[in-house]
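Trainee: Structure supplied as query_8.pdb; contents: PDB, C-alpha atoms.
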```pdb
ATOM      1  CA  MET A  23      40.005  18.633  39.636
ATOM      2  CA  ASN A  24      38.392  17.133  36.526
ATOM      3  CA  ILE A  25      40.661  14.457  35.049
ATOM      4  CA  ALA A  26      38.255  13.354  32.317
ATOM      5  CA  VAL A  27      39.500  13.966  28.783
ATOM      6  CA  THR A  28      37.965  13.538  25.392
ATOM      7  CA  ILE A  29      39.504  11.947  22.357
ATOM      8  CA  ASP A  30      39.929  15.398  20.829
ATOM      9  CA  ASP A  31      42.210  16.361  23.698
ATOM     10  CA  VAL A  32      44.728  13.694  22.723
ATOM     11  CA  ARG A  33      47.248  14.763  20.140
ATOM     12  CA  LYS A  34      46.748  12.867  16.888
ATOM     13  CA  GLU A  35      50.427  12.124  16.523
ATOM     14  CA  THR A  36      50.354  10.077  19.747
ATOM     15  CA  LEU A  37      47.786   7.666  18.269
ATOM     16  CA  ALA A  38      49.527   5.185  15.968
ATOM     17  CA  SER A  39      47.499   4.169  12.997
ATOM     18  CA  ALA A  40      47.241   0.542  11.880
ATOM     19  CA  SER A  41      49.721   1.166   9.075
ATOM     20  CA  GLU A  42      52.198   2.817  11.462
ATOM     21  CA  ALA A  43      51.954  -0.116  13.873
ATOM     22  CA  GLY A  44      53.181  -2.442  11.131
ATOM     23  CA  PRO A  45      52.559  -6.177  10.691
ATOM     24  CA  ALA A  46      52.506  -8.634  13.572
ATOM     25  CA  PRO A  47      55.856 -10.145  14.611
ATOM     26  CA  LYS A  48      56.847 -13.173  12.549
ATOM     27  CA  ARG A  49      56.783 -15.391  15.654
ATOM     28  CA  ILE A  50      53.071 -14.611  16.129
ATOM     29  CA  VAL A  51      52.262 -15.068  12.439
ATOM     30  CA  VAL A  52      54.033 -18.465  12.324
ATOM     31  CA  ALA A  53      52.339 -19.632  15.525
ATOM     32  CA  TYR A  54      48.926 -18.575  14.229
ATOM     33  CA  GLY A  55      49.452 -20.369  10.921
ATOM     34  CA  PHE A  56      50.661 -23.512  12.640
ATOM     35  CA  TRP A  57      47.629 -23.556  14.937
ATOM     36  CA  ILE A  58      45.449 -23.436  11.806
ATOM     37  CA  PHE A  59      47.352 -26.464  10.484
ATOM     38  CA  LEU A  60      46.892 -28.354  13.757
ATOM     39  CA  LEU A  61      43.173 -27.609  13.796
ATOM     40  CA  SER A  62      42.813 -28.907  10.240
ATOM     41  CA  ASP A  63      44.698 -32.040  11.278
ATOM     42  CA  ILE A  64      42.361 -32.527  14.238
ATOM     43  CA  VAL A  65      39.356 -32.200  11.906
ATOM     44  CA  MET A  66      40.832 -34.977   9.760
ATOM     45  CA  PHE A  67      41.317 -37.226  12.793
ATOM     46  CA  ALA A  68      37.778 -36.442  13.934
ATOM     47  CA  ALA A  69      36.485 -37.715  10.591
ATOM     48  CA  LEU A  70      38.547 -40.907  10.954
ATOM     49  CA  PHE A  71      37.246 -41.403  14.494
ATOM     50  CA  ALA A  72      33.684 -40.999  13.227
ATOM     51  CA  ALA A  73      34.256 -43.570  10.473
ATOM     52  CA  TYR A  74      35.755 -45.999  12.974
ATOM     53  CA  ALA A  75      32.813 -45.573  15.359
ATOM     54  CA  VAL A  76      30.389 -46.414  12.544
ATOM     55  CA  LEU A  77      32.358 -49.458  11.310
ATOM     56  CA  VAL A  78      33.639 -50.916  14.577
ATOM     57  CA  ARG A  79      30.966 -53.658  14.599
ATOM     58  CA  ALA A  80      31.267 -54.425  10.884
ATOM     59  CA  THR A  81      33.625 -57.385  11.304
ATOM     60  CA  ALA A  82      32.071 -59.531   8.520
ATOM     61  CA  GLY A  83      32.526 -62.605  10.690
ATOM     62  CA  GLY A  84      36.209 -61.831  11.185
ATOM     63  CA  PRO A  85      38.148 -61.134  14.393
ATOM     64  CA  THR A  86      37.068 -58.331  16.707
ATOM     65  CA  GLY A  87      39.167 -55.870  18.643
ATOM     66  CA  ALA A  88      38.791 -57.941  21.815
ATOM     67  CA  GLN A  89      40.391 -60.893  20.005
ATOM     68  CA  LEU A  90      43.205 -58.908  18.422
ATOM     69  CA  PHE A  91      44.347 -56.171  20.792
ATOM     70  CA  SER A  92      47.168 -56.760  23.276
ATOM     71  CA  GLN A  93      46.585 -54.472  26.223
ATOM     72  CA  SER A  94      50.118 -54.906  27.595
ATOM     73  CA  SER A  95      51.745 -53.919  24.300
ATOM     74  CA  VAL A  96      49.426 -50.936  23.866
ATOM     75  CA  ALA A  97      50.124 -49.835  27.458
ATOM     76  CA  ILE A  98      53.868 -49.799  26.713
ATOM     77  CA  GLU A  99      53.220 -47.821  23.516
ATOM     78  CA  THR A 100      51.170 -45.297  25.473
ATOM     79  CA  ALA A 101      53.830 -44.945  28.166
ATOM     80  CA  CYS A 102      56.527 -44.332  25.537
ATOM     81  CA  LEU A 103      54.538 -41.617  23.803
ATOM     82  CA  LEU A 104      53.415 -39.859  26.987
ATOM     83  CA  VAL A 105      56.933 -39.819  28.432
ATOM     84  CA  SER A 106      58.232 -38.515  25.102
ATOM     85  CA  SER A 107      55.811 -35.599  25.447
ATOM     86  CA  PHE A 108      57.340 -34.823  28.856
ATOM     87  CA  THR A 109      60.893 -34.947  27.505
ATOM     88  CA  CYS A 110      59.793 -32.772  24.566
ATOM     89  CA  GLY A 111      58.634 -30.192  27.101
ATOM     90  CA  LEU A 112      62.039 -30.363  28.808
ATOM     91  CA  MET A 113      63.642 -29.858  25.400
ATOM     92  CA  THR A 114      61.581 -26.689  24.966
ATOM     93  CA  LEU A 115      62.786 -25.391  28.346
ATOM     94  CA  SER A 116      66.368 -26.162  27.292
ATOM     95  CA  ILE A 117      65.843 -24.181  24.086
ATOM     96  CA  ASN A 118      64.599 -21.209  26.101
ATOM     97  CA  SER A 119      67.722 -21.368  28.288
ATOM     98  CA  ARG A 120      69.961 -21.717  25.179
ATOM     99  CA  SER A 121      71.535 -24.934  26.457
ATOM    100  CA  ARG A 122      72.676 -27.019  23.495
ATOM    101  CA  THR A 123      73.718 -30.025  25.573
ATOM    102  CA  ALA A 124      70.361 -30.298  27.331
ATOM    103  CA  THR A 125      68.507 -29.664  24.067
ATOM    104  CA  TYR A 126      70.366 -32.486  22.312
ATOM    105  CA  PHE A 127      69.881 -34.832  25.246
ATOM    106  CA  PHE A 128      66.125 -34.355  25.625
ATOM    107  CA  ALA A 129      65.666 -34.369  21.851
ATOM    108  CA  LEU A 130      67.486 -37.716  21.698
ATOM    109  CA  VAL A 131      65.336 -39.178  24.467
ATOM    110  CA  THR A 132      62.200 -37.908  22.712
ATOM    111  CA  PHE A 133      63.367 -39.457  19.446
ATOM    112  CA  VAL A 134      64.178 -42.832  21.033
ATOM    113  CA  LEU A 135      60.820 -43.015  22.810
ATOM    114  CA  GLY A 136      58.959 -42.016  19.642
ATOM    115  CA  ALA A 137      60.879 -44.623  17.633
ATOM    116  CA  ALA A 138      60.085 -47.269  20.267
ATOM    117  CA  PHE A 139      56.397 -46.379  20.027
ATOM    118  CA  LEU A 140      56.523 -46.668  16.249
ATOM    119  CA  ALA A 141      58.368 -50.009  16.360
ATOM    120  CA  LEU A 142      55.773 -51.480  18.724
ATOM    121  CA  GLU A 143      52.959 -50.246  16.495
ATOM    122  CA  ILE A 144      54.529 -51.753  13.380
ATOM    123  CA  ARG A 145      54.993 -55.051  15.221
ATOM    124  CA  GLU A 146      51.334 -54.963  16.252
ATOM    125  CA  PHE A 147      50.278 -54.430  12.628
ATOM    126  CA  ALA A 148      52.562 -57.246  11.425
ATOM    127  CA  ASP A 149      51.182 -59.666  14.037
ATOM    128  CA  MET A 150      47.598 -58.835  13.096
ATOM    129  CA  ILE A 151      48.255 -59.321   9.377
ATOM    130  CA  ALA A 152      50.042 -62.620  10.087
ATOM    131  CA  ARG A 153      46.887 -63.802  11.873
ATOM    132  CA  GLY A 154      44.770 -63.006   8.847
ATOM    133  CA  ALA A 155      43.495 -59.673  10.179
ATOM    134  CA  ALA A 156      44.603 -57.539   7.232
ATOM    135  CA  PRO A 157      42.880 -54.242   6.321
ATOM    136  CA  GLN A 158      40.886 -55.886   3.522
ATOM    137  CA  ARG A 159      39.439 -58.536   5.867
ATOM    138  CA  SER A 160      36.579 -56.340   7.102
ATOM    139  CA  ALA A 161      35.345 -52.776   7.297
ATOM    140  CA  PHE A 162      36.313 -52.707  10.981
ATOM    141  CA  LEU A 163      39.927 -53.580  10.191
ATOM    142  CA  SER A 164      40.036 -51.090   7.316
ATOM    143  CA  ALA A 165      38.894 -48.326   9.674
ATOM    144  CA  PHE A 166      41.327 -49.486  12.380
ATOM    145  CA  PHE A 167      44.393 -49.560  10.144
ATOM    146  CA  THR A 168      43.480 -46.204   8.595
ATOM    147  CA  LEU A 169      42.997 -44.435  11.930
ATOM    148  CA  VAL A 170      45.939 -45.926  13.830
ATOM    149  CA  GLY A 171      48.166 -45.947  10.752
ATOM    150  CA  CYS A 172      47.479 -42.264  10.080
ATOM    151  CA  HIS A 173      48.629 -41.450  13.603
ATOM    152  CA  GLY A 174      51.712 -43.596  13.064
ATOM    153  CA  LEU A 175      52.542 -41.698   9.875
ATOM    154  CA  HIS A 176      52.340 -38.456  11.843
ATOM    155  CA  VAL A 177      54.750 -39.860  14.432
ATOM    156  CA  SER A 178      57.136 -40.889  11.620
ATOM    157  CA  ALA A 179      56.980 -37.381  10.167
ATOM    158  CA  GLY A 180      57.626 -35.950  13.633
ATOM    159  CA  LEU A 181      60.741 -38.078  14.099
ATOM    160  CA  ILE A 182      62.138 -36.958  10.734
ATOM    161  CA  TRP A 183      61.304 -33.349  11.612
ATOM    162  CA  LEU A 184      63.077 -33.647  14.985
ATOM    163  CA  ALA A 185      66.221 -35.094  13.384
ATOM    164  CA  VAL A 186      66.305 -32.278  10.818
ATOM    165  CA  MET A 187      65.847 -29.656  13.545
ATOM    166  CA  MET A 188      68.731 -31.032  15.607
ATOM    167  CA  ALA A 189      70.910 -30.771  12.500
ATOM    168  CA  GLN A 190      69.818 -27.144  12.113
ATOM    169  CA  VAL A 191      70.654 -26.411  15.751
ATOM    170  CA  ALA A 192      74.114 -27.900  15.200
ATOM    171  CA  VAL A 193      74.727 -25.762  12.088
ATOM    172  CA  ARG A 194      72.850 -22.522  12.849
ATOM    173  CA  GLY A 195      72.488 -22.493  16.609
ATOM    174  CA  PHE A 196      69.457 -20.933  18.296
ATOM    175  CA  ARG A 197      68.524 -18.465  15.588
ATOM    176  CA  ALA A 198      65.042 -17.001  15.684
ATOM    177  CA  SER A 199      63.919 -19.070  12.682
ATOM    178  CA  VAL A 200      65.275 -22.296  14.187
ATOM    179  CA  GLU A 201      63.639 -21.562  17.527
ATOM    180  CA  ARG A 202      60.273 -20.954  15.850
ATOM    181  CA  ARG A 203      60.480 -24.289  14.038
ATOM    182  CA  LEU A 204      61.406 -26.113  17.225
ATOM    183  CA  LEU A 205      58.455 -24.610  19.066
ATOM    184  CA  CYS A 206      56.155 -25.612  16.190
ATOM    185  CA  PHE A 207      57.527 -29.143  16.447
ATOM    186  CA  ALA A 208      56.771 -29.185  20.187
ATOM    187  CA  LEU A 209      53.164 -28.156  19.495
ATOM    188  CA  PHE A 210      52.899 -30.867  16.846
ATOM    189  CA  TRP A 211      54.284 -33.555  19.157
ATOM    190  CA  HIS A 212      51.988 -32.625  22.051
ATOM    191  CA  ALA A 213      49.013 -32.656  19.662
ATOM    192  CA  LEU A 214      49.925 -36.207  18.627
ATOM    193  CA  ASP A 215      49.889 -37.229  22.284
ATOM    194  CA  ILE A 216      46.408 -35.778  22.738
ATOM    195  CA  VAL A 217      45.165 -37.644  19.662
ATOM    196  CA  TRP A 218      46.723 -40.866  20.968
ATOM    197  CA  VAL A 219      44.967 -40.534  24.341
ATOM    198  CA  TRP A 220      41.647 -40.385  22.500
ATOM    199  CA  LEU A 221      42.705 -43.196  20.187
ATOM    200  CA  PHE A 222      43.803 -45.375  23.102
ATOM    201  CA  THR A 223      40.482 -44.789  24.856
ATOM    202  CA  VAL A 224      38.143 -45.208  21.887
ATOM    203  CA  VAL A 225      39.948 -47.974  19.998
ATOM    204  CA  TYR A 226      41.781 -50.044  22.574
ATOM    205  CA  LEU A 227      39.975 -49.594  25.901
ATOM    206  CA  MET A 228      36.458 -49.578  24.440
ATOM    207  CA  GLY A 229      37.470 -52.148  21.825
ATOM    208  CA  VAL A 230      38.054 -54.935  24.333
ATOM    209  CA  ARG A 231      34.502 -54.788  25.625
ATOM    210  CA  PRO A 232      32.379 -57.719  24.456
TER
END
```
Could you show the structure in this file as structure tokens?
Mentor:
Amino acid sequence: MNIAVTIDDVRKETLASASEAGPAPKRIVVAYGFWIFLLSDIVMFAALFAAYAVLVRATAGGPTGAQLFSQSSVAIETACLLVSSFTCGLMTLSINSRSRTATYFFALVTFVLGAAFLALEIREFADMIARGAAPQRSAFLSAFFTLVGCHGLHVSAGLIWLAVMMAQVAVRGFRASVERRLLCFALFWHALDIVWVWLFTVVYLMGVRP
């Protein structure tokens, strides 16, 4: 028995045209647009990394990274941010299971860890400036403060975003629009962790070498 068929054998009404299929679901469109935003953000960080790599030795007789960086403080910062990424993932699982209590709890832990990271970073900046290592001291310090400070601004924006989203969950519950925004936040937060791993390696680990 010959089971081969040609396209002419298929009834035209069974083949949906592109217009009949309609637009992509809003969840897919939002996710696609947000990935474009994240990629543009990564391009910006790549440019800042490149500038830092060029200027890292341009200390103008001022202090170097090996003289300024505190490895213990940076290690605590890194631990806070990496653990916050884990709790953010648990928050996403709680959202999928529609558990408000678990969502609030893991969101709070994520917020506290992110705020702790930011507080340690601000203290590091304040200590460096108090020791005369301000951004205008050398090209190296200008590149350092720009790169690390830009990441810190992203973390600050993420904390504000998370607080706003928890307020939306409290008022609107797990609506489709709220869920999409929460998932976009999770992508944003994980992306910040990836950038920090690179920043920690390039700036702090490589920066302490003589």
Trainee: When you draw a straight line from atom CA of Ser94 of chain A to atom CA of Ala68 of chain A, how long is it in Å?
Mentor: 26.1 Å
Trainee: Considering all atoms listed in the file, return as a list in words whatever protein or nucleic-acid residues lie within 10 Å of Glu99 of chain A, sequence-local ones (same chain, fewer than 2 positions apart) excluded.
Mentor: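 In the requested format, the answer is Gln93, Ser94, Ser95, Val96, Ala97, Ala101, Cys102, Leu103, Leu104, Leu135, Gly136, Ala138, Phe139, Leu140, Ala141, Leu142, Glu143, Trp218 and Phe222 of chain A.
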Trainee: Could you tell me which of A:Val200, A:Val191, A:Ala75, A:Val131 comes closest to Ala161 of chain A if we count all atoms listed in the file?
Mentor: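 When distances to Ala161 of chain A are compared using all atoms listed in the file, the smallest one comes from A:Ala75.
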Trainee: Nearest to Leu112 of chain A among A:Phe67, A:Phe127, A:Ala73, A:Ile98, with distances taken over all atoms listed in the file: which residue is it?
Mentor: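 Among the listed residues, A:Phe127 lies closest to Leu112 of chain A.
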Trainee: Between A:Ala152, A:Leu163, A:Ile64, A:Ala189, which is the closest to His176 of chain A once you count all atoms listed in the file?
Mentor: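 Nearest to His176 of chain A: A:Ile64.
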Trainee: Just to confirm, what's the straight-line distance from atom CA of Gly87 of chain A to atom CA of Ser164 of chain A in Å (one decimal)?
Mentor: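 Spanning atom CA of Gly87 of chain A to atom CA of Ser164 of chain A is a straight-line distance of 12.3 Å.
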Trainee: Nearest residue to Ala192 of chain A out of A:Arg122, A:Phe108, A:Thr86, A:Ala72, using all atoms listed in the file?
Mentor: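 For Ala192 of chain A, the nearest of the given residues is A:Arg122.
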Trainee: Work out how far apart atom CA of Met188 of chain A and atom CA of His212 of chain A are and give it in Å to one decimal.
Mentor: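 Atom-to-atom, atom CA of Met188 of chain A to atom CA of His212 of chain A, that is 18.0 Å.
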Trainee: Under the PyMOL selection byres ((chain A and resi 211) around 8), which residues of this model are included? Write them out as an MDAnalysis selection string.
Mentor: chainID A and resid 107 110 177 180 207:210 212:215
Trainee: Which centre and which edge lengths, in Å to one decimal, describe the axis-aligned box that holds all listed atoms of segment 70-89 of chain A after 4 Å is added on each side, as AutoDock Vina command-line options?
Mentor:
```
--center_x 35.4 --center_y -51.8 --center_z 15.2 --size_x 18.0 --size_y 29.7 --size_z 21.3
```
Trainee: Taking the file above as input, evaluate the PyMOL selection byres ((chain A and resi 157) around 12) and report the hits as a PyMOL selection string.
Mentor: chain A and resi 81+84-85+147-148+150-156+158-171
Trainee: For Ser119 of chain A, find every residue with an atom within 12 Å (counting all atoms listed in the file), except residues of its own chain fewer than 6 positions away, and show them as an MDAnalysis selection string.
Mentor: chainID A and resid 112:113 125 196 201
Trainee: Please determine, counting all atoms listed in the file, which residue among A:Ala124, A:Val217, A:Leu130, A:Leu204 has the shortest atom-to-atom distance to Ser106 of chain A.
Mentor: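 Comparing A:Ala124, A:Val217, A:Leu130, A:Leu204 against Ser106 of chain A, the winner is A:Leu130.
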